[in-house]
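Data block for final04.cif (mmCIF, C-alpha atoms):
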```cif
data_entry
#
loop_
_atom_site.group_PDB
_atom_site.id
_atom_site.type_symbol
_atom_site.label_atom_id
_atom_site.label_comp_id
_atom_site.auth_asym_id
_atom_site.auth_seq_id
_atom_site.Cartn_x
_atom_site.Cartn_y
_atom_site.Cartn_z
ATOM 1 C CA MET A 21 0.000 0.000 0.000
ATOM 2 C CA LYS A 22 2.786 2.425 0.980
ATOM 3 C CA TYR A 23 4.717 1.519 -2.195
ATOM 4 C CA THR A 24 1.614 2.130 -4.349
ATOM 5 C CA LEU A 25 1.059 5.567 -2.782
ATOM 6 C CA MET A 26 4.711 6.463 -3.403
ATOM 7 C CA ILE A 27 4.462 5.507 -7.097
ATOM 8 C CA LYS A 28 1.193 7.431 -7.417
ATOM 9 C CA HIS A 29 2.841 10.486 -5.795
ATOM 10 C CA LYS A 30 5.839 10.285 -8.186
ATOM 11 C CA TRP A 31 3.453 9.938 -11.135
ATOM 12 C CA ASN A 32 1.491 13.020 -10.027
ATOM 13 C CA MET A 33 4.708 15.007 -9.560
ATOM 14 C CA SER A 34 5.934 13.933 -13.022
ATOM 15 C CA CYS A 35 2.659 15.033 -14.603
ATOM 16 C CA LEU A 36 2.828 18.336 -12.761
ATOM 17 C CA LEU A 37 6.413 18.901 -13.889
ATOM 18 C CA LEU A 38 5.555 18.101 -17.513
ATOM 19 C CA ALA A 39 2.569 20.463 -17.421
ATOM 20 C CA LEU A 40 4.791 23.206 -15.986
ATOM 21 C CA LEU A 41 7.468 22.681 -18.662
ATOM 22 C CA TRP A 42 4.844 22.701 -21.425
ATOM 23 C CA THR A 43 3.372 25.932 -20.061
ATOM 24 C CA MET A 44 6.828 27.525 -19.927
ATOM 25 C CA ALA A 45 7.475 26.483 -23.534
ATOM 26 C CA CYS A 46 4.239 28.140 -24.631
ATOM 27 C CA VAL A 47 4.954 31.299 -22.686
ATOM 28 C CA SER A 48 8.454 31.559 -24.146
ATOM 29 C CA HIS A 49 6.917 32.971 -27.320
ATOM 30 C CA ALA A 50 5.824 36.081 -25.423
ATOM 31 C CA ALA A 51 8.390 38.846 -25.001
ATOM 32 C CA THR A 52 8.711 42.473 -24.002
ATOM 33 C CA ALA A 53 10.471 45.101 -26.104
ATOM 34 C CA GLU A 54 13.113 47.246 -24.420
ATOM 35 C CA LYS A 55 13.547 50.988 -24.874
ATOM 36 C CA THR A 56 16.810 51.910 -26.640
ATOM 37 C CA GLU A 57 18.959 54.995 -26.046
ATOM 38 C CA ASN A 58 17.098 56.961 -28.719
ATOM 39 C CA GLY A 59 13.715 56.242 -27.099
ATOM 40 C CA VAL A 60 12.604 53.607 -29.608
ATOM 41 C CA ASN A 61 11.355 50.225 -28.339
ATOM 42 C CA ARG A 62 13.133 47.203 -29.794
ATOM 43 C CA TYR A 63 12.733 43.454 -29.451
ATOM 44 C CA GLU A 64 14.997 41.032 -31.288
ATOM 45 C CA ASP A 65 15.728 37.338 -31.142
ATOM 46 C CA LYS A 66 16.890 34.771 -33.718
ATOM 47 C CA GLU A 67 13.439 34.665 -35.348
ATOM 48 C CA LEU A 68 12.002 38.169 -35.189
ATOM 49 C CA THR A 69 12.836 41.864 -34.921
ATOM 50 C CA VAL A 70 10.175 44.372 -33.863
ATOM 51 C CA VAL A 71 10.832 48.118 -33.546
ATOM 52 C CA ILE A 72 8.090 50.409 -32.174
ATOM 53 C CA GLY A 73 8.124 54.157 -31.468
ATOM 54 C CA SER A 74 6.045 57.333 -31.598
ATOM 55 C CA ARG A 75 5.810 60.197 -34.094
ATOM 56 C CA THR A 76 5.298 63.770 -32.929
ATOM 57 C CA PRO A 77 2.612 66.008 -34.466
ATOM 58 C CA ASP A 78 5.391 68.316 -35.728
ATOM 59 C CA GLN A 79 7.154 65.423 -37.479
ATOM 60 C CA LEU A 80 3.898 64.364 -39.108
ATOM 61 C CA ALA A 81 3.005 67.916 -40.150
ATOM 62 C CA ALA A 82 6.446 68.459 -41.688
ATOM 63 C CA PHE A 83 6.341 65.158 -43.570
ATOM 64 C CA TYR A 84 2.845 65.539 -45.013
ATOM 65 C CA SER A 85 3.029 69.280 -45.714
ATOM 66 C CA GLY A 86 6.251 68.584 -47.621
ATOM 67 C CA ARG A 87 4.186 66.296 -49.841
ATOM 68 C CA GLY A 88 1.512 68.912 -50.528
ATOM 69 C CA PHE A 89 -1.238 67.851 -48.117
ATOM 70 C CA ASN A 90 -3.835 70.551 -47.465
ATOM 71 C CA GLN A 91 -3.953 72.193 -44.023
ATOM 72 C CA ALA A 92 -7.305 70.643 -43.020
ATOM 73 C CA SER A 93 -5.858 67.153 -43.559
ATOM 74 C CA ILE A 94 -2.668 67.981 -41.653
ATOM 75 C CA ASP A 95 -4.765 69.324 -38.761
ATOM 76 C CA ALA A 96 -6.713 66.026 -38.660
ATOM 77 C CA ILE A 97 -3.461 64.039 -38.680
ATOM 78 C CA LYS A 98 -2.024 66.129 -35.833
ATOM 79 C CA LYS A 99 -5.025 65.297 -33.607
ATOM 80 C CA THR A 100 -4.243 61.591 -33.873
ATOM 81 C CA CYS A 101 -1.546 59.521 -32.156
ATOM 82 C CA PHE A 102 0.818 57.812 -34.594
ATOM 83 C CA VAL A 103 2.948 54.835 -33.644
ATOM 84 C CA PHE A 104 5.507 53.608 -36.134
ATOM 85 C CA GLY A 105 6.482 49.982 -36.402
ATOM 86 C CA MET A 106 8.961 47.798 -38.258
ATOM 87 C CA VAL A 107 8.749 44.006 -38.310
ATOM 88 C CA ASP A 108 11.398 41.673 -39.746
ATOM 89 C CA ASN A 109 10.905 37.915 -40.118
ATOM 90 C CA LYS A 110 14.208 36.048 -39.753
ATOM 91 C CA THR A 111 12.911 32.470 -40.093
ATOM 92 C CA TYR A 112 11.794 30.171 -42.894
ATOM 93 C CA GLU A 113 8.336 30.066 -41.288
ATOM 94 C CA THR A 114 5.737 32.541 -42.530
ATOM 95 C CA LEU A 115 5.046 35.342 -40.055
ATOM 96 C CA TRP A 116 1.712 37.158 -40.246
ATOM 97 C CA LEU A 117 1.368 40.846 -39.488
ATOM 98 C CA SER A 118 -2.335 41.517 -38.848
ATOM 99 C CA LEU A 119 -3.221 44.802 -37.165
ATOM 100 C CA ASP A 120 -6.456 43.236 -35.911
ATOM 101 C CA GLU A 121 -4.164 41.096 -33.707
ATOM 102 C CA TRP A 122 -2.541 44.202 -32.168
ATOM 103 C CA GLU A 123 -4.057 45.520 -28.951
ATOM 104 C CA PHE A 124 -3.401 49.096 -27.855
ATOM 105 C CA ILE A 125 -4.242 49.345 -24.153
ATOM 106 C CA ALA A 126 -4.676 52.544 -22.109
ATOM 107 C CA ALA A 127 -3.177 52.884 -18.623
ATOM 108 C CA ASP A 128 -6.568 52.067 -17.075
ATOM 109 C CA GLY A 129 -6.765 48.794 -19.049
ATOM 110 C CA THR A 130 -9.332 49.922 -21.616
ATOM 111 C CA PRO A 131 -8.636 49.418 -25.322
ATOM 112 C CA LEU A 132 -7.583 52.380 -27.443
ATOM 113 C CA LYS A 133 -9.320 52.774 -30.782
ATOM 114 C CA ARG A 134 -7.136 52.071 -33.800
ATOM 115 C CA PHE A 135 -8.022 54.039 -36.900
ATOM 116 C CA LYS A 136 -8.367 51.776 -39.925
ATOM 117 C CA ARG A 137 -8.133 52.773 -43.574
ATOM 118 C CA ASP A 138 -11.915 53.164 -43.841
ATOM 119 C CA ASP A 139 -11.836 55.656 -40.951
ATOM 120 C CA TRP A 140 -9.304 57.738 -42.870
ATOM 121 C CA LYS A 141 -11.454 57.695 -46.035
ATOM 122 C CA LYS A 142 -14.182 59.492 -44.078
ATOM 123 C CA THR A 143 -11.655 62.027 -42.778
ATOM 124 C CA TRP A 144 -10.308 62.687 -46.277
ATOM 125 C CA GLN A 145 -13.825 63.285 -47.612
ATOM 126 C CA GLN A 146 -14.352 65.880 -44.877
ATOM 127 C CA THR A 147 -10.987 67.593 -45.460
ATOM 128 C CA GLY A 148 -11.043 67.434 -49.270
ATOM 129 C CA LEU A 149 -7.755 65.541 -49.598
ATOM 130 C CA SER A 150 -7.025 64.539 -53.202
ATOM 131 C CA GLN A 151 -6.927 60.877 -54.235
ATOM 132 C CA ALA A 152 -3.197 61.131 -55.006
ATOM 133 C CA HIS A 153 -2.502 62.396 -51.478
ATOM 134 C CA GLN A 154 -4.730 59.696 -49.999
ATOM 135 C CA SER A 155 -2.554 57.121 -51.775
ATOM 136 C CA THR A 156 0.580 58.788 -50.384
ATOM 137 C CA PHE A 157 -0.865 58.567 -46.877
ATOM 138 C CA GLY A 158 -1.777 54.915 -47.467
ATOM 139 C CA TRP A 159 1.773 53.845 -48.299
ATOM 140 C CA THR A 160 3.070 55.444 -45.069
ATOM 141 C CA GLN A 161 0.819 53.171 -42.963
ATOM 142 C CA LEU A 162 1.466 49.577 -41.911
ATOM 143 C CA PRO A 163 -0.668 47.212 -43.993
ATOM 144 C CA GLU A 164 -3.791 45.847 -42.309
ATOM 145 C CA ILE A 165 -2.550 42.322 -43.037
ATOM 146 C CA ARG A 166 0.645 41.019 -44.596
ATOM 147 C CA ASP A 167 2.501 37.712 -44.715
ATOM 148 C CA LEU A 168 6.250 37.969 -44.245
ATOM 149 C CA ARG A 169 8.578 35.303 -45.612
ATOM 150 C CA MET A 170 12.193 34.844 -44.543
ATOM 151 C CA HIS A 171 14.116 38.153 -44.450
ATOM 152 C CA GLU A 172 11.057 40.121 -45.510
ATOM 153 C CA HIS A 173 10.262 43.160 -43.463
ATOM 154 C CA VAL A 174 7.614 45.834 -43.412
ATOM 155 C CA GLY A 175 7.349 49.213 -41.755
ATOM 156 C CA GLY A 176 4.930 52.089 -41.404
ATOM 157 C CA ASN A 177 2.610 53.951 -39.080
ATOM 158 C CA VAL A 178 -0.434 52.891 -37.089
ATOM 159 C CA ALA A 179 -2.894 55.555 -35.926
ATOM 160 C CA VAL A 180 -4.684 55.334 -32.584
ATOM 161 C CA GLU A 181 -6.821 57.758 -30.628
ATOM 162 C CA TRP A 182 -4.895 60.460 -28.768
ATOM 163 C CA ASN A 183 -4.135 59.608 -25.153
ATOM 164 C CA ASP A 184 -2.358 61.875 -22.656
ATOM 165 C CA LYS A 185 -1.130 58.966 -20.517
ATOM 166 C CA PRO A 186 1.324 56.184 -21.392
ATOM 167 C CA PHE A 187 -0.216 53.125 -23.009
ATOM 168 C CA SER A 188 0.936 49.685 -24.078
ATOM 169 C CA LEU A 189 0.850 47.563 -27.200
ATOM 170 C CA LYS A 190 0.423 43.809 -27.302
ATOM 171 C CA ALA A 191 1.408 42.791 -30.838
ATOM 172 C CA THR A 192 0.562 39.191 -31.717
ATOM 173 C CA PHE A 193 1.867 37.532 -34.882
ATOM 174 C CA LYS A 194 0.430 34.268 -36.179
ATOM 175 C CA THR A 195 2.902 31.889 -37.792
ATOM 176 C CA GLY A 196 2.856 29.256 -40.513
ATOM 177 C CA ALA A 197 1.507 29.422 -44.048
ATOM 178 C CA ASP A 198 -1.986 28.562 -42.767
ATOM 179 C CA LYS A 199 -1.575 30.593 -39.512
ATOM 180 C CA SER A 200 -1.696 27.406 -37.423
ATOM 181 C CA GLY A 201 1.799 27.708 -35.944
ATOM 182 C CA GLU A 202 2.696 28.913 -32.460
ATOM 183 C CA PRO A 203 1.817 32.625 -32.259
ATOM 184 C CA ARG A 204 4.466 35.169 -31.245
ATOM 185 C CA THR A 205 3.586 38.087 -28.975
ATOM 186 C CA VAL A 206 5.682 41.166 -28.286
ATOM 187 C CA THR A 207 4.565 43.634 -25.613
ATOM 188 C CA VAL A 208 5.649 47.271 -25.644
ATOM 189 C CA GLU A 209 5.120 49.258 -22.443
ATOM 190 C CA ASN A 210 4.969 53.002 -21.842
ATOM 191 C CA LEU A 211 4.250 54.216 -25.354
ATOM 192 C CA THR A 212 3.231 57.871 -25.473
ATOM 193 C CA CYS A 213 1.428 60.197 -27.826
ATOM 194 C CA THR A 214 4.330 62.601 -28.012
ATOM 195 C CA SER A 215 3.132 66.189 -28.143
ATOM 196 C CA ASN A 216 6.386 67.841 -29.320
#
```
Would you mind giving the structure from this file in structure tokens?
Amino acid sequence: MKYTLMIKHKWNMSCLLLALLWTMACVSHAATAEKTENGVNRYEDKELTVVIGSRTPDQLAAFYSGRGFNQASIDAIKKTCFVFGMVDNKTYETLWLSLDEWEFIAADGTPLKRFKRDDWKKTWQQTGLSQAHQSTFGWTQLPEIRDLRMHEHVGGNVAVEWNDKPFSLKATFKTGADKSGEPRTVTVENLTCTSN
């Protein structure tokens, strides 16, 4: 009887240990980006590089006014918080950038609204921005969805509602050609809507 209880105890401990190791393996695909000396957040490992930072309203105004955007459109852009991102896939496995898988979270835990391309179409109708300038704006934004093969990278801006307090980003990337691989998640803390 004592021997049977001891074997049962060892079996339970082995199962517990295996469950713990499996959980740790799953969690290992979650990481946090670190702020670099120039204030940009960077995460890099052997499979993935993610760079995230903020654009100031003055930077945005200078960029878009230099490309002939009208003042009403620049004013609308300056009222919005722009985060820039760059993602580089360093593996043979397909990595999926899908902005619907990115969560922008305010300091109080509530989600921040992300402005999608359709939201901007409404803004451009109100501000009278030409179709050519709308296309220019479009190529400065991260794509809504994009598959990245080995050594492919993509970069651009993501627009979210203005927030005076620091917020975070939880960027999840599905993997595999059919998106069935182990997802990768990179968290970026203390992002800000920089005002100058």
* **Neighbour list for segment 78-94 of chain A as number ranges by chain, cut-off 9 Å, all atoms listed in the file, skip fewer than 3 positions in-chain** => A: 75, 97-99, 102, 143-144, 146-150, 153, 156-157, 215-216
Those residues you just picked out, can you put them in a file as a tab-separated table (two decimals), keeping the file's coordinate frame with C-alpha atoms?
```tsv
chain	number	residue	atom	x	y	z
A	75	ARG	CA	5.81	60.20	-34.09
A	97	ILE	CA	-3.46	64.04	-38.68
A	98	LYS	CA	-2.02	66.13	-35.83
A	99	LYS	CA	-5.03	65.30	-33.61
A	102	PHE	CA	0.82	57.81	-34.59
A	143	THR	CA	-11.66	62.03	-42.78
A	144	TRP	CA	-10.31	62.69	-46.28
A	146	GLN	CA	-14.35	65.88	-44.88
A	147	THR	CA	-10.99	67.59	-45.46
A	148	GLY	CA	-11.04	67.43	-49.27
A	149	LEU	CA	-7.76	65.54	-49.60
A	150	SER	CA	-7.02	64.54	-53.20
A	153	HIS	CA	-2.50	62.40	-51.48
A	156	THR	CA	0.58	58.79	-50.38
A	157	PHE	CA	-0.86	58.57	-46.88
A	215	SER	CA	3.13	66.19	-28.14
A	216	ASN	CA	6.39	67.84	-29.32
```
* Interatomic distance, atom CA of Tyr63 of chain A to atom CA of Arg169 of chain A (Å, one decimal) ->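 Atom CA of Arg169 of chain A lies at a distance of 18.6 Å from atom CA of Tyr63 of chain A.
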* To do: Report the distance between atom CA of Asn177 of chain A and atom CA of Lys66 of chain A in Å, rounded to one decimal place.
  => 24.5 Å
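Considering all atoms listed in the file, the residue among A:Ser118, A:Thr130, A:Ser74, A:Asn61 positioned nearest to Thr100 of chain A is A:Ser74.
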* Would you kindly translate the PyMOL selection byres ((chain A and resi 167) around 9) into the concrete residues it picks from this file, as a list in words? =>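 Expected selection for the PyMOL selection byres ((chain A and resi 167) around 9) here is Thr114, Leu115, Trp116, Leu117, Ser118, Ile165, Arg166, Leu168, Arg169, Glu172 and Ala197 of chain A.
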* Report as a PyMOL selection string the residues that result from applying the PyMOL selection byres ((chain A and resi 162) around 12) to the structure here. => chain A and resi 72+102-107+117-120+122+135-137+157-161+163-166+173-179
Take the selection from the previous step and output its residues with C-alpha atoms, as a CSV table (one decimal), keeping the file's coordinate frame.
```csv
chain,number,residue,atom,x,y,z
A,72,ILE,CA,8.1,50.4,-32.2
A,102,PHE,CA,0.8,57.8,-34.6
A,103,VAL,CA,2.9,54.8,-33.6
A,104,PHE,CA,5.5,53.6,-36.1
A,105,GLY,CA,6.5,50.0,-36.4
A,106,MET,CA,9.0,47.8,-38.3
A,107,VAL,CA,8.7,44.0,-38.3
A,117,LEU,CA,1.4,40.8,-39.5
A,118,SER,CA,-2.3,41.5,-38.8
A,119,LEU,CA,-3.2,44.8,-37.2
A,120,ASP,CA,-6.5,43.2,-35.9
A,122,TRP,CA,-2.5,44.2,-32.2
A,135,PHE,CA,-8.0,54.0,-36.9
A,136,LYS,CA,-8.4,51.8,-39.9
A,137,ARG,CA,-8.1,52.8,-43.6
A,157,PHE,CA,-0.9,58.6,-46.9
A,158,GLY,CA,-1.8,54.9,-47.5
A,159,TRP,CA,1.8,53.8,-48.3
A,160,THR,CA,3.1,55.4,-45.1
A,161,GLN,CA,0.8,53.2,-43.0
A,163,PRO,CA,-0.7,47.2,-44.0
A,164,GLU,CA,-3.8,45.8,-42.3
A,165,ILE,CA,-2.6,42.3,-43.0
A,166,ARG,CA,0.6,41.0,-44.6
A,173,HIS,CA,10.3,43.2,-43.5
A,174,VAL,CA,7.6,45.8,-43.4
A,175,GLY,CA,7.3,49.2,-41.8
A,176,GLY,CA,4.9,52.1,-41.4
A,177,ASN,CA,2.6,54.0,-39.1
A,178,VAL,CA,-0.4,52.9,-37.1
A,179,ALA,CA,-2.9,55.6,-35.9
```
Applying 8 Å and only C-alpha atoms, which residues near Phe187 of chain A remain after dropping the ones on its own chain fewer than 4 positions away? List them as an mmCIF file with C-alpha atoms, in the coordinates of the input.
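Dumped to result02.cif:
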```
data_model
loop_
_atom_site.group_PDB
_atom_site.id
_atom_site.type_symbol
_atom_site.label_atom_id
_atom_site.label_comp_id
_atom_site.auth_asym_id
_atom_site.auth_seq_id
_atom_site.Cartn_x
_atom_site.Cartn_y
_atom_site.Cartn_z
ATOM 1 C CA PHE A 124 -3.401 49.096 -27.855
ATOM 2 C CA ILE A 125 -4.242 49.345 -24.153
ATOM 3 C CA ALA A 126 -4.676 52.544 -22.109
ATOM 4 C CA ALA A 127 -3.177 52.884 -18.623
ATOM 5 C CA ASN A 183 -4.135 59.608 -25.153
ATOM 6 C CA GLU A 209 5.120 49.258 -22.443
ATOM 7 C CA ASN A 210 4.969 53.002 -21.842
ATOM 8 C CA LEU A 211 4.250 54.216 -25.354
ATOM 9 C CA THR A 212 3.231 57.871 -25.473
#
```
* Asked: Written as a ChimeraX atom specification, what is the full residue list that the PyMOL selection byres ((chain A and resi 52) around 9) yields on the file shown?
  -> /A:50-51,53-54,62-63,205-209
* With distances taken over all atoms listed in the file, which of A:Val70, A:Ala152, A:Thr76, A:Tyr112 is nearest to Leu189 of chain A? -> A:Val70
Report, as AutoDock Vina command-line options, the centre and edge lengths in Å (one decimal) of the axis-aligned box enclosing every listed atom of segment 100-116 of chain A, padded by 6 Å on each side.
```
--center_x 5.0 --center_y 45.8 --center_z -37.5 --size_x 30.5 --size_y 43.5 --size_z 22.7
```
* Asked: Could you work out how far atom CA of Lys133 of chain A lies from atom CA of Asp184 of chain A, giving the answer in Å with one decimal?
  ->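 A separation of 14.0 Å between them.
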* Nearest-residue call for Pro203 of chain A, choices A:Gln154, A:Lys141, A:Val180, A:Leu68, using all atoms listed in the file -> A:Leu68
Taking the block above, write segment 95-120 of chain A with N, CA, C and O atoms as a JSON list (two decimals), in the first residue's frame.
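Written out: part02.json:
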```
[["chain", "number", "residue", "atom", "x", "y", "z"],
["A", 95, "ASP", "N", -4.17, 69.09, -40.08],
["A", 95, "ASP", "CA", -4.77, 69.32, -38.76],
["A", 95, "ASP", "C", -5.41, 68.05, -38.21],
["A", 95, "ASP", "O", -5.30, 67.74, -37.02],
["A", 96, "ALA", "N", -6.09, 67.29, -39.08],
["A", 96, "ALA", "CA", -6.71, 66.03, -38.66],
["A", 96, "ALA", "C", -5.65, 65.01, -38.25],
["A", 96, "ALA", "O", -5.82, 64.30, -37.25],
["A", 97, "ILE", "N", -4.56, 64.96, -39.00],
["A", 97, "ILE", "CA", -3.46, 64.04, -38.68],
["A", 97, "ILE", "C", -2.85, 64.39, -37.33],
["A", 97, "ILE", "O", -2.57, 63.52, -36.50],
["A", 98, "LYS", "N", -2.67, 65.69, -37.07],
["A", 98, "LYS", "CA", -2.02, 66.13, -35.83],
["A", 98, "LYS", "C", -2.86, 65.85, -34.58],
["A", 98, "LYS", "O", -2.33, 65.81, -33.48],
["A", 99, "LYS", "N", -4.16, 65.61, -34.75],
["A", 99, "LYS", "CA", -5.02, 65.30, -33.61],
["A", 99, "LYS", "C", -5.01, 63.81, -33.26],
["A", 99, "LYS", "O", -5.70, 63.38, -32.34],
["A", 100, "THR", "N", -4.27, 63.04, -34.02],
["A", 100, "THR", "CA", -4.24, 61.59, -33.87],
["A", 100, "THR", "C", -2.87, 61.16, -33.40],
["A", 100, "THR", "O", -1.87, 61.79, -33.69],
["A", 101, "CYS", "N", -2.81, 60.07, -32.66],
["A", 101, "CYS", "CA", -1.55, 59.52, -32.16],
["A", 101, "CYS", "C", -1.01, 58.50, -33.16],
["A", 101, "CYS", "O", -1.71, 57.55, -33.52],
["A", 102, "PHE", "N", 0.21, 58.72, -33.62],
["A", 102, "PHE", "CA", 0.82, 57.81, -34.59],
["A", 102, "PHE", "C", 1.96, 57.04, -33.95],
["A", 102, "PHE", "O", 2.87, 57.63, -33.37],
["A", 103, "VAL", "N", 1.89, 55.74, -34.09],
["A", 103, "VAL", "CA", 2.95, 54.84, -33.64],
["A", 103, "VAL", "C", 3.56, 54.25, -34.90],
["A", 103, "VAL", "O", 2.84, 53.83, -35.80],
["A", 104, "PHE", "N", 4.89, 54.25, -34.98],
["A", 104, "PHE", "CA", 5.51, 53.61, -36.13],
["A", 104, "PHE", "C", 6.02, 52.24, -35.72],
["A", 104, "PHE", "O", 6.38, 52.01, -34.56],
["A", 105, "GLY", "N", 6.02, 51.34, -36.67],
["A", 105, "GLY", "CA", 6.48, 49.98, -36.40],
["A", 105, "GLY", "C", 7.27, 49.43, -37.57],
["A", 105, "GLY", "O", 7.05, 49.81, -38.72],
["A", 106, "MET", "N", 8.20, 48.54, -37.25],
["A", 106, "MET", "CA", 8.96, 47.80, -38.26],
["A", 106, "MET", "C", 9.05, 46.35, -37.77],
["A", 106, "MET", "O", 9.35, 46.11, -36.60],
["A", 107, "VAL", "N", 8.73, 45.42, -38.65],
["A", 107, "VAL", "CA", 8.75, 44.01, -38.31],
["A", 107, "VAL", "C", 9.60, 43.29, -39.35],
["A", 107, "VAL", "O", 9.45, 43.51, -40.55],
["A", 108, "ASP", "N", 10.51, 42.43, -38.87],
["A", 108, "ASP", "CA", 11.40, 41.67, -39.75],
["A", 108, "ASP", "C", 11.32, 40.20, -39.37],
["A", 108, "ASP", "O", 11.54, 39.84, -38.21],
["A", 109, "ASN", "N", 10.96, 39.36, -40.33],
["A", 109, "ASN", "CA", 10.90, 37.92, -40.12],
["A", 109, "ASN", "C", 12.27, 37.32, -40.47],
["A", 109, "ASN", "O", 12.73, 37.48, -41.59],
["A", 110, "LYS", "N", 12.88, 36.60, -39.52],
["A", 110, "LYS", "CA", 14.21, 36.05, -39.75],
["A", 110, "LYS", "C", 14.19, 34.52, -39.86],
["A", 110, "LYS", "O", 15.23, 33.90, -39.80],
["A", 111, "THR", "N", 13.00, 33.93, -40.02],
["A", 111, "THR", "CA", 12.91, 32.47, -40.09],
["A", 111, "THR", "C", 12.34, 32.03, -41.44],
["A", 111, "THR", "O", 11.83, 32.84, -42.21],
["A", 112, "TYR", "N", 12.41, 30.73, -41.69],
["A", 112, "TYR", "CA", 11.79, 30.17, -42.89],
["A", 112, "TYR", "C", 10.28, 30.08, -42.76],
["A", 112, "TYR", "O", 9.56, 29.94, -43.74],
["A", 113, "GLU", "N", 9.77, 30.17, -41.53],
["A", 113, "GLU", "CA", 8.34, 30.07, -41.29],
["A", 113, "GLU", "C", 7.65, 31.40, -41.61],
["A", 113, "GLU", "O", 8.17, 32.46, -41.30],
["A", 114, "THR", "N", 6.49, 31.33, -42.22],
["A", 114, "THR", "CA", 5.74, 32.54, -42.53],
["A", 114, "THR", "C", 5.29, 33.22, -41.24],
["A", 114, "THR", "O", 4.80, 32.57, -40.32],
["A", 115, "LEU", "N", 5.47, 34.53, -41.19],
["A", 115, "LEU", "CA", 5.05, 35.34, -40.05],
["A", 115, "LEU", "C", 3.95, 36.27, -40.55],
["A", 115, "LEU", "O", 4.09, 36.91, -41.59],
["A", 116, "TRP", "N", 2.85, 36.36, -39.82],
["A", 116, "TRP", "CA", 1.71, 37.16, -40.25],
["A", 116, "TRP", "C", 1.59, 38.43, -39.43],
["A", 116, "TRP", "O", 1.42, 38.38, -38.21],
["A", 117, "LEU", "N", 1.69, 39.56, -40.10],
["A", 117, "LEU", "CA", 1.37, 40.85, -39.49],
["A", 117, "LEU", "C", -0.11, 41.09, -39.76],
["A", 117, "LEU", "O", -0.52, 41.17, -40.92],
["A", 118, "SER", "N", -0.91, 41.19, -38.72],
["A", 118, "SER", "CA", -2.34, 41.52, -38.85],
["A", 118, "SER", "C", -2.65, 42.52, -37.76],
["A", 118, "SER", "O", -2.60, 42.20, -36.57],
["A", 119, "LEU", "N", -2.97, 43.76, -38.15],
["A", 119, "LEU", "CA", -3.22, 44.80, -37.16],
["A", 119, "LEU", "C", -4.44, 44.50, -36.30],
["A", 119, "LEU", "O", -4.55, 45.03, -35.19],
["A", 120, "ASP", "N", -5.34, 43.65, -36.76],
["A", 120, "ASP", "CA", -6.46, 43.24, -35.91],
["A", 120, "ASP", "C", -5.98, 42.40, -34.73],
["A", 120, "ASP", "O", -6.71, 42.21, -33.75]]
```
